[in-house]
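J.: Next comes the structure file run_6.pdb, holding PDB, C-alpha atoms.
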ATOM      1  CA  MET A   1     -23.622 -10.285 112.307
ATOM      2  CA  LYS A   2     -25.565 -13.448 111.506
ATOM      3  CA  LEU A   3     -28.948 -13.653 109.829
ATOM      4  CA  GLY A   4     -30.268 -14.895 113.160
ATOM      5  CA  ASN A   5     -29.305 -11.492 114.676
ATOM      6  CA  VAL A   6     -31.088  -9.685 111.826
ATOM      7  CA  MET A   7     -34.182 -11.770 112.542
ATOM      8  CA  GLU A   8     -34.048 -10.898 116.216
ATOM      9  CA  ILE A   9     -33.399  -7.153 115.713
ATOM     10  CA  LEU A  10     -36.319  -6.885 113.268
ATOM     11  CA  SER A  11     -38.626  -9.272 115.192
ATOM     12  CA  ALA A  12     -38.914 -11.018 111.840
ATOM     13  CA  LYS A  13     -40.505 -14.324 110.930
ATOM     14  CA  PRO A  14     -39.183 -16.900 108.465
ATOM     15  CA  LEU A  15     -41.153 -17.028 105.196
ATOM     16  CA  SER A  16     -39.089 -19.428 103.084
ATOM     17  CA  SER A  17     -38.961 -23.156 103.676
ATOM     18  CA  PHE A  18     -35.322 -22.873 104.742
ATOM     19  CA  VAL A  19     -33.696 -19.988 106.625
ATOM     20  CA  ASP A  20     -29.952 -20.044 107.245
ATOM     21  CA  LEU A  21     -29.737 -18.331 110.649
ATOM     22  CA  ASP A  22     -25.974 -18.815 110.652
ATOM     23  CA  LEU A  23     -25.503 -16.864 107.393
ATOM     24  CA  ASP A  24     -22.908 -14.066 107.645
ATOM     25  CA  VAL A  25     -24.412 -10.634 106.976
ATOM     26  CA  LYS A  26     -22.011  -7.721 106.625
ATOM     27  CA  CYS A  27     -24.100  -5.019 104.956
ATOM     28  CA  ALA A  28     -27.612  -4.201 103.844
ATOM     29  CA  CYS A  29     -29.424  -2.519 100.985
ATOM     30  CA  SER A  30     -32.941  -1.128 101.363
ATOM     31  CA  SER A  31     -34.870  -0.420  98.192
ATOM     32  CA  ASP A  32     -37.978  -1.156  96.188
ATOM     33  CA  MET A  33     -36.058  -0.422  93.000
ATOM     34  CA  MET A  34     -34.138  -3.458  91.835
ATOM     35  CA  SER A  35     -32.241  -1.209  89.386
ATOM     36  CA  ASP A  36     -30.755   0.573  92.411
ATOM     37  CA  VAL A  37     -29.969  -2.707  94.167
ATOM     38  CA  LEU A  38     -28.038  -3.829  91.079
ATOM     39  CA  ALA A  39     -25.944  -0.674  91.278
ATOM     40  CA  PHE A  40     -24.879  -1.247  94.910
ATOM     41  CA  PRO A  41     -23.726  -4.844  95.099
ATOM     42  CA  LYS A  42     -21.599  -6.139  97.914
ATOM     43  CA  GLU A  43     -20.838  -9.527  99.339
ATOM     44  CA  HIS A  44     -22.752 -10.861 102.334
ATOM     45  CA  MET A  45     -25.544  -8.355 101.746
ATOM     46  CA  VAL A  46     -29.102  -8.650 103.038
ATOM     47  CA  LEU A  47     -31.807  -6.985 100.947
ATOM     48  CA  LEU A  48     -34.682  -5.152 102.624
ATOM     49  CA  THR A  49     -37.604  -4.417 100.333
ATOM     50  CA  GLY A  50     -41.323  -3.894  99.993
ATOM     51  CA  LEU A  51     -41.360  -5.149  96.407
ATOM     52  CA  VAL A  52     -42.894  -8.613  96.354
ATOM     53  CA  ASN A  53     -42.555  -9.898  92.779
ATOM     54  CA  ALA A  54     -40.300 -12.641  91.438
ATOM     55  CA  GLN A  55     -37.782 -10.148  90.025
ATOM     56  CA  VAL A  56     -36.635  -9.562  93.637
ATOM     57  CA  MET A  57     -35.389 -13.157  93.753
ATOM     58  CA  ARG A  58     -33.947 -12.945  90.253
ATOM     59  CA  THR A  59     -31.997  -9.860  91.330
ATOM     60  CA  CYS A  60     -30.775 -11.712  94.445
ATOM     61  CA  ASP A  61     -29.737 -14.669  92.301
ATOM     62  CA  MET A  62     -27.701 -12.405  90.005
ATOM     63  CA  LEU A  63     -25.996 -10.623  92.911
ATOM     64  CA  ASP A  64     -25.501 -13.717  95.076
ATOM     65  CA  ILE A  65     -27.692 -12.166  97.783
ATOM     66  CA  ARG A  66     -28.592 -15.022 100.114
ATOM     67  CA  ALA A  67     -31.116 -13.243 102.377
ATOM     68  CA  VAL A  68     -34.141 -10.974 101.858
ATOM     69  CA  VAL A  69     -36.378  -9.247 104.409
ATOM     70  CA  PHE A  70     -39.835  -8.103 103.312
ATOM     71  CA  THR A  71     -40.909  -5.087 105.332
ATOM     72  CA  ARG A  72     -44.255  -3.590 106.419
ATOM     73  CA  GLY A  73     -45.838  -7.038 106.728
ATOM     74  CA  LYS A  74     -45.761  -7.525 102.960
ATOM     75  CA  LEU A  75     -45.696 -11.091 101.723
ATOM     76  CA  PRO A  76     -43.780 -12.214  98.644
ATOM     77  CA  SER A  77     -45.746 -13.581  95.684
ATOM     78  CA  ALA A  78     -46.012 -17.379  95.455
ATOM     79  CA  GLU A  79     -43.727 -17.242  92.426
ATOM     80  CA  ALA A  80     -41.105 -15.224  94.330
ATOM     81  CA  LEU A  81     -41.199 -17.609  97.264
ATOM     82  CA  GLU A  82     -40.885 -20.618  94.971
ATOM     83  CA  MET A  83     -37.851 -19.041  93.311
ATOM     84  CA  ALA A  84     -36.318 -18.309  96.743
ATOM     85  CA  ASN A  85     -36.808 -21.900  97.838
ATOM     86  CA  GLU A  86     -35.310 -23.209  94.584
ATOM     87  CA  ASN A  87     -32.254 -20.958  94.885
ATOM     88  CA  GLY A  88     -31.693 -21.399  98.620
ATOM     89  CA  ILE A  89     -32.432 -17.759  99.450
ATOM     90  CA  SER A  90     -33.490 -17.180 103.071
ATOM     91  CA  VAL A  91     -36.632 -15.037 103.249
ATOM     92  CA  LEU A  92     -37.817 -13.192 106.340
ATOM     93  CA  GLY A  93     -40.801 -10.916 106.967
ATOM     94  CA  THR A  94     -41.117  -8.044 109.443
ATOM     95  CA  GLU A  95     -43.989  -5.738 110.369
ATOM     96  CA  LEU A  96     -41.540  -2.809 110.604
ATOM     97  CA  THR A  97     -41.414  -0.191 107.833
ATOM     98  CA  LEU A  98     -38.451  -0.148 105.470
ATOM     99  CA  PHE A  99     -37.127   3.007 107.170
ATOM    100  CA  VAL A 100     -37.391   1.689 110.727
ATOM    101  CA  ALA A 101     -36.016  -1.737 109.821
ATOM    102  CA  SER A 102     -33.031  -0.109 108.058
ATOM    103  CA  GLY A 103     -32.411   2.175 111.038
ATOM    104  CA  LYS A 104     -32.476  -0.703 113.501
ATOM    105  CA  LEU A 105     -29.979  -2.720 111.464
ATOM    106  CA  TYR A 106     -27.717   0.305 110.944
ATOM    107  CA  SER A 107     -27.744   0.984 114.695
ATOM    108  CA  GLY A 108     -26.969  -2.684 115.180
ATOM    109  CA  GLY A 109     -23.772  -2.324 113.161
ATOM    110  CA  LEU A 110     -24.656  -3.108 109.546
ATOM    111  CA  VAL A 111     -23.322  -0.763 106.871
ATOM    112  CA  GLY A 112     -24.640   0.071 103.415
ATOM    113  CA  GLY A 113     -23.359  -1.066 100.033
ATOM    114  CA  THR A 114     -21.124   1.074  97.832
ATOM    115  CA  LYS A 115     -21.322   1.888  94.150
ATOM    116  CA  ASP A 116     -18.134   0.090  93.172
ATOM    117  CA  LYS A 117     -17.496  -2.621  90.644
ATOM    118  CA  ALA A 118     -19.107  -5.807  91.923
TER     119      ALA A 118
ATOM    120  CA  MET B   1     -11.249 -19.971  68.648
ATOM    121  CA  SER B   2     -14.252 -19.664  70.970
ATOM    122  CA  ILE B   3     -14.826 -22.148  73.753
ATOM    123  CA  LEU B   4     -18.555 -21.537  73.622
ATOM    124  CA  LYS B   5     -21.009 -19.449  71.602
ATOM    125  CA  GLU B   6     -24.694 -19.229  72.384
ATOM    126  CA  GLU B   7     -27.611 -16.888  71.713
ATOM    127  CA  PHE B   8     -30.607 -16.288  73.988
ATOM    128  CA  PRO B   9     -33.780 -14.617  72.692
ATOM    129  CA  VAL B  10     -35.421 -11.987  74.919
ATOM    130  CA  VAL B  11     -39.129 -11.137  74.596
ATOM    131  CA  LYS B  12     -40.542  -7.601  74.868
ATOM    132  CA  MET B  13     -42.459  -6.836  78.111
ATOM    133  CA  ASP B  14     -42.397 -10.458  79.310
ATOM    134  CA  PHE B  15     -41.764 -10.066  83.024
ATOM    135  CA  VAL B  16     -42.439 -13.727  83.747
ATOM    136  CA  THR B  17     -39.371 -14.928  81.878
ATOM    137  CA  ALA B  18     -37.303 -11.732  82.362
ATOM    138  CA  GLY B  19     -33.971 -12.721  83.820
ATOM    139  CA  GLU B  20     -34.078 -16.350  82.704
ATOM    140  CA  ALA B  21     -31.462 -15.833  79.990
ATOM    141  CA  SER B  22     -29.141 -14.139  82.498
ATOM    142  CA  ALA B  23     -29.674 -16.942  85.017
ATOM    143  CA  GLN B  24     -28.864 -19.483  82.312
ATOM    144  CA  ILE B  25     -25.719 -17.565  81.295
ATOM    145  CA  LYS B  26     -24.617 -17.379  84.930
ATOM    146  CA  ARG B  27     -25.058 -21.157  85.290
ATOM    147  CA  ILE B  28     -23.023 -21.793  82.108
ATOM    148  CA  LEU B  29     -20.144 -19.588  83.292
ATOM    149  CA  LYS B  30     -20.090 -21.178  86.754
ATOM    150  CA  LYS B  31     -20.032 -24.619  85.148
ATOM    151  CA  LEU B  32     -17.104 -23.565  82.970
ATOM    152  CA  GLY B  33     -15.249 -22.575  86.134
ATOM    153  CA  VAL B  34     -14.981 -18.858  85.270
ATOM    154  CA  ASP B  35     -13.605 -16.702  88.120
ATOM    155  CA  ALA B  36     -16.394 -15.851  90.607
ATOM    156  CA  GLY B  37     -15.709 -12.097  90.429
ATOM    157  CA  VAL B  38     -16.046 -12.098  86.641
ATOM    158  CA  VAL B  39     -19.237 -14.172  86.845
ATOM    159  CA  ARG B  40     -20.673 -11.663  89.298
ATOM    160  CA  ARG B  41     -19.838  -8.583  87.196
ATOM    161  CA  LEU B  42     -21.027 -10.236  84.005
ATOM    162  CA  SER B  43     -24.259 -11.454  85.641
ATOM    163  CA  ILE B  44     -25.114  -7.941  86.799
ATOM    164  CA  ALA B  45     -24.373  -6.381  83.393
ATOM    165  CA  CYS B  46     -26.204  -9.198  81.615
ATOM    166  CA  TYR B  47     -29.317  -8.888  83.793
ATOM    167  CA  GLU B  48     -29.341  -5.102  83.283
ATOM    168  CA  ALA B  49     -29.118  -5.661  79.517
ATOM    169  CA  GLU B  50     -31.869  -8.282  79.582
ATOM    170  CA  ILE B  51     -34.197  -6.062  81.613
ATOM    171  CA  ASN B  52     -33.523  -3.201  79.189
ATOM    172  CA  LEU B  53     -34.435  -5.486  76.272
ATOM    173  CA  VAL B  54     -37.672  -6.462  78.052
ATOM    174  CA  ILE B  55     -38.604  -2.903  79.040
ATOM    175  CA  HIS B  56     -37.428  -0.769  76.151
ATOM    176  CA  SER B  57     -36.990  -2.856  73.021
ATOM    177  CA  GLU B  58     -39.258  -4.494  70.500
ATOM    178  CA  GLY B  59     -37.450  -7.733  71.351
ATOM    179  CA  GLY B  60     -33.911  -8.877  70.901
ATOM    180  CA  SER B  61     -31.271 -11.253  72.057
ATOM    181  CA  LEU B  62     -28.259 -11.726  74.278
ATOM    182  CA  SER B  63     -25.303 -13.563  72.860
ATOM    183  CA  LEU B  64     -22.479 -15.045  74.834
ATOM    184  CA  GLU B  65     -19.059 -15.855  73.458
ATOM    185  CA  VAL B  66     -16.513 -17.378  75.784
ATOM    186  CA  ASN B  67     -12.921 -17.132  74.555
ATOM    187  CA  PRO B  68      -9.712 -18.239  76.276
ATOM    188  CA  GLU B  69      -8.831 -14.625  77.183
ATOM    189  CA  ASP B  70     -12.198 -12.907  77.498
ATOM    190  CA  ILE B  71     -15.968 -13.201  77.432
ATOM    191  CA  VAL B  72     -17.971 -11.148  74.958
ATOM    192  CA  LEU B  73     -21.595 -10.388  75.764
ATOM    193  CA  ILE B  74     -23.721  -8.734  73.094
ATOM    194  CA  SER B  75     -27.193  -7.304  73.548
ATOM    195  CA  LYS B  76     -28.954  -6.631  70.272
ATOM    196  CA  ASP B  77     -32.482  -5.456  69.579
ATOM    197  CA  VAL B  78     -34.727  -4.488  66.701
ATOM    198  CA  GLY B  79     -35.710  -1.068  67.944
ATOM    199  CA  PRO B  80     -36.807   1.551  68.721
ATOM    200  CA  GLY B  81     -33.236   2.856  69.210
ATOM    201  CA  ILE B  82     -31.888   5.542  71.537
ATOM    202  CA  PRO B  83     -32.023   9.146  70.274
ATOM    203  CA  ASP B  84     -29.440  10.554  72.736
ATOM    204  CA  ILE B  85     -26.961   7.949  74.018
ATOM    205  CA  GLU B  86     -25.087  10.400  76.265
ATOM    206  CA  LEU B  87     -28.322  11.322  78.032
ATOM    207  CA  ALA B  88     -29.371   7.665  78.305
ATOM    208  CA  MET B  89     -26.005   6.844  79.891
ATOM    209  CA  SER B  90     -26.438   9.417  82.669
ATOM    210  CA  GLU B  91     -27.510   7.874  85.957
ATOM    211  CA  GLY B  92     -31.109   8.567  86.925
ATOM    212  CA  TYR B  93     -32.313   9.293  83.397
ATOM    213  CA  SER B  94     -35.064   6.904  82.376
ATOM    214  CA  THR B  95     -37.911   6.749  79.889
ATOM    215  CA  ALA B  96     -39.507   3.747  81.622
ATOM    216  CA  SER B  97     -43.249   3.825  82.295
ATOM    217  CA  ASP B  98     -44.843   3.850  85.766
ATOM    218  CA  ASP B  99     -45.883   0.217  85.204
ATOM    219  CA  VAL B 100     -42.238  -0.753  84.736
ATOM    220  CA  ARG B 101     -41.260   1.208  87.872
ATOM    221  CA  MET B 102     -43.921  -0.705  89.810
ATOM    222  CA  MET B 103     -42.010  -3.836  88.820
ATOM    223  CA  GLY B 104     -38.874  -2.376  90.460
ATOM    224  CA  PHE B 105     -37.054  -1.264  87.334
ATOM    225  CA  GLY B 106     -36.510   1.875  85.318
ATOM    226  CA  ALA B 107     -34.404   3.833  87.816
ATOM    227  CA  GLY B 108     -32.118   4.951  85.007
ATOM    228  CA  MET B 109     -29.081   3.066  86.281
ATOM    229  CA  GLY B 110     -28.885   0.273  83.710
ATOM    230  CA  LEU B 111     -26.511   1.485  80.990
ATOM    231  CA  ALA B 112     -24.130   3.147  83.447
ATOM    232  CA  ASN B 113     -24.114   0.005  85.581
ATOM    233  CA  MET B 114     -23.317  -2.157  82.541
ATOM    234  CA  ALA B 115     -20.407   0.145  81.657
ATOM    235  CA  ARG B 116     -19.164   0.041  85.267
ATOM    236  CA  ASN B 117     -19.135  -3.746  85.442
ATOM    237  CA  ALA B 118     -17.704  -4.506  81.998
ATOM    238  CA  ASP B 119     -14.002  -4.117  81.195
ATOM    239  CA  LYS B 120     -14.927  -2.720  77.788
ATOM    240  CA  PHE B 121     -18.285  -1.236  76.868
ATOM    241  CA  ARG B 122     -19.504  -0.118  73.466
ATOM    242  CA  ILE B 123     -22.958   1.051  72.460
ATOM    243  CA  GLU B 124     -24.356   1.820  69.023
ATOM    244  CA  SER B 125     -27.890   2.879  68.348
ATOM    245  CA  LYS B 126     -29.971   4.096  65.449
ATOM    246  CA  VAL B 127     -33.481   5.420  65.971
ATOM    247  CA  GLY B 128     -35.968   3.206  64.163
ATOM    248  CA  GLU B 129     -33.428   0.434  63.721
ATOM    249  CA  GLY B 130     -32.157  -0.733  67.103
ATOM    250  CA  THR B 131     -29.403  -0.820  69.672
ATOM    251  CA  LEU B 132     -26.305  -2.944  69.979
ATOM    252  CA  ILE B 133     -24.288  -3.143  73.180
ATOM    253  CA  GLU B 134     -21.005  -5.011  73.289
ATOM    254  CA  MET B 135     -19.435  -5.781  76.640
ATOM    255  CA  ILE B 136     -16.098  -7.496  77.128
ATOM    256  CA  PHE B 137     -14.963  -9.116  80.357
ATOM    257  CA  ASN B 138     -11.281 -10.003  80.673
ATOM    258  CA  LEU B 139     -10.447 -13.439  81.982
ATOM    259  CA  LYS B 140      -6.731 -12.874  82.385
ATOM    260  CA  GLN B 141      -5.577 -10.567  85.165
ATOM    261  CA  GLU B 142      -3.893  -7.444  83.834
ATOM    262  CA  ALA B 143      -0.287  -7.070  84.975
TER     263      ALA B 143
END
Since I need it in another form, could you write the structure as structure tokens?
T.:
Amino acid sequence: MKLGNVMEILSAKPLSSFVDLDLDVKCACSSDMMSDVLAFPKEHMVLLTGLVNAQVMRTCDMLDIRAVVFTRGKLPSAEALEMANENGISVLGTELTLFVASGKLYSGGLVGGTKDKA
Amino acid sequence: MSILKEEFPVVKMDFVTAGEASAQIKRILKKLGVDAGVVRRLSIACYEAEINLVIHSEGGSLSLEVNPEDIVLISKDVGPGIPDIELAMSEGYSTASDDVRMMGFGAGMGLANMARNADKFRIESKVGEGTLIEMIFNLKQEA
């Protein structure tokens, strides 16, 4: 699906200065632990998280994750948002919990990452 | 002969700059035109190593050596060392504090993830002295 579909399914709002609605999204990873995210990398992955610090964007930069959704109405720190804008990472925010947001995307056809070599 | 050799210092418990060395290394490799898959695996392993240096060590460095056939990444610190490497390598085992977990790290996946992403992985550690991790990433496809 496209990031625009993710936005619609999650009733999400754009938080970064640029959001690529046409971005291909093939799988998702939901976690507040960046260590776990690093262990499940996959291409065209969207990250769902409640962690709001700059290390979220650093992790995305390392894994080439181009889209992040902050759940439960949480807002990323100014530093995180700045890093997202600098690195062209699309950032969305939803009021849904991490569990519900993950469930909605899974029902919508997104799969999870696997613990293979990146 | 190496194409490039560079060392990047990493500061203990500095979460503001944590990841900057890895980001810099990733940029260098992309600029050199290294295969995207190798850059991705190396970036993950490098970031894991850098975070470990920030969280667990008294400070250290990452050094990058790009050769025609492989890339060697070395993480070196000045302590405190790992008492039981086998235990530290097992997924889920972590000695990280709650503060570190609040930052999103310390899930106990780091060393195993480095080993998974590198083509060769070697770790040496001495309690009270420090830890050295050597990771090699092949540039030439194996037949």
J.: One decimal, in Å: what's the spacing between atom CA of B:Leu64 and atom CA of B:Ala45?
T.: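 One can read the atom CA of B:Leu64 to atom CA of B:Ala45 distance as 12.3 Å.
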J.: Could you check which of B:Thr131, B:Ser125, B:Ser43, B:Thr17 is closest to chain A, using all atoms listed in the file?
T.: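 When distances to chain A are compared using all atoms listed in the file, the smallest one comes from B:Ser43.
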J.: Find the spatial neighbours of stretch 10-18 of chain A, counting all atoms listed in the file, within a cut-off of 8 Å - ignore same-chain residues fewer than 2 positions away - and output them as a list in words.
T.: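 The residues that qualify are Val6, Met7, Glu8, Asp20, Leu81, Ala84, Asn85, Gly88, Ile89, Ser90, Val91, Leu92, Gly93, Thr94, Glu95, Leu96, Ala101, Lys104 and Leu105 of chain A.
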J.: Evaluating the ChimeraX specification (/B :<8) & /A on the displayed file yields which residues, as number ranges by chain?
T.: A: 32-36, 38-39, 51, 53, 55, 58, 61-64, 116-118
J.: Which of these residues is nearest to B:Ile123, using all atoms listed in the file: B:Ala49, B:Ile55, B:Ser61, B:Leu4?
T.: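 Looking only at the distances to B:Ile123, the closest residue turns out to be B:Ala49.
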J.: I'd like the contact shell of B:Phe8 - 7 Å cut-off, all atoms listed in the file, skipping same-chain residues fewer than 5 positions apart - returned as a list in words.
T.: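 Selected residues are Ala21, Ser61, Leu62 and Ser63 of chain B.
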J.: Quick one: residues within 7 Å of stretch 76-78 of chain B, all atoms listed in the file, excluding same-chain residues fewer than 5 positions away - as an NGL selection string?
T.: :B and (53 or 57-62 or 129-133)
J.: Quick one, how far is atom CA of A:Gly50 from atom CA of B:Ile25?
T.: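 Here the two named atoms are 27.9 Å from each other.
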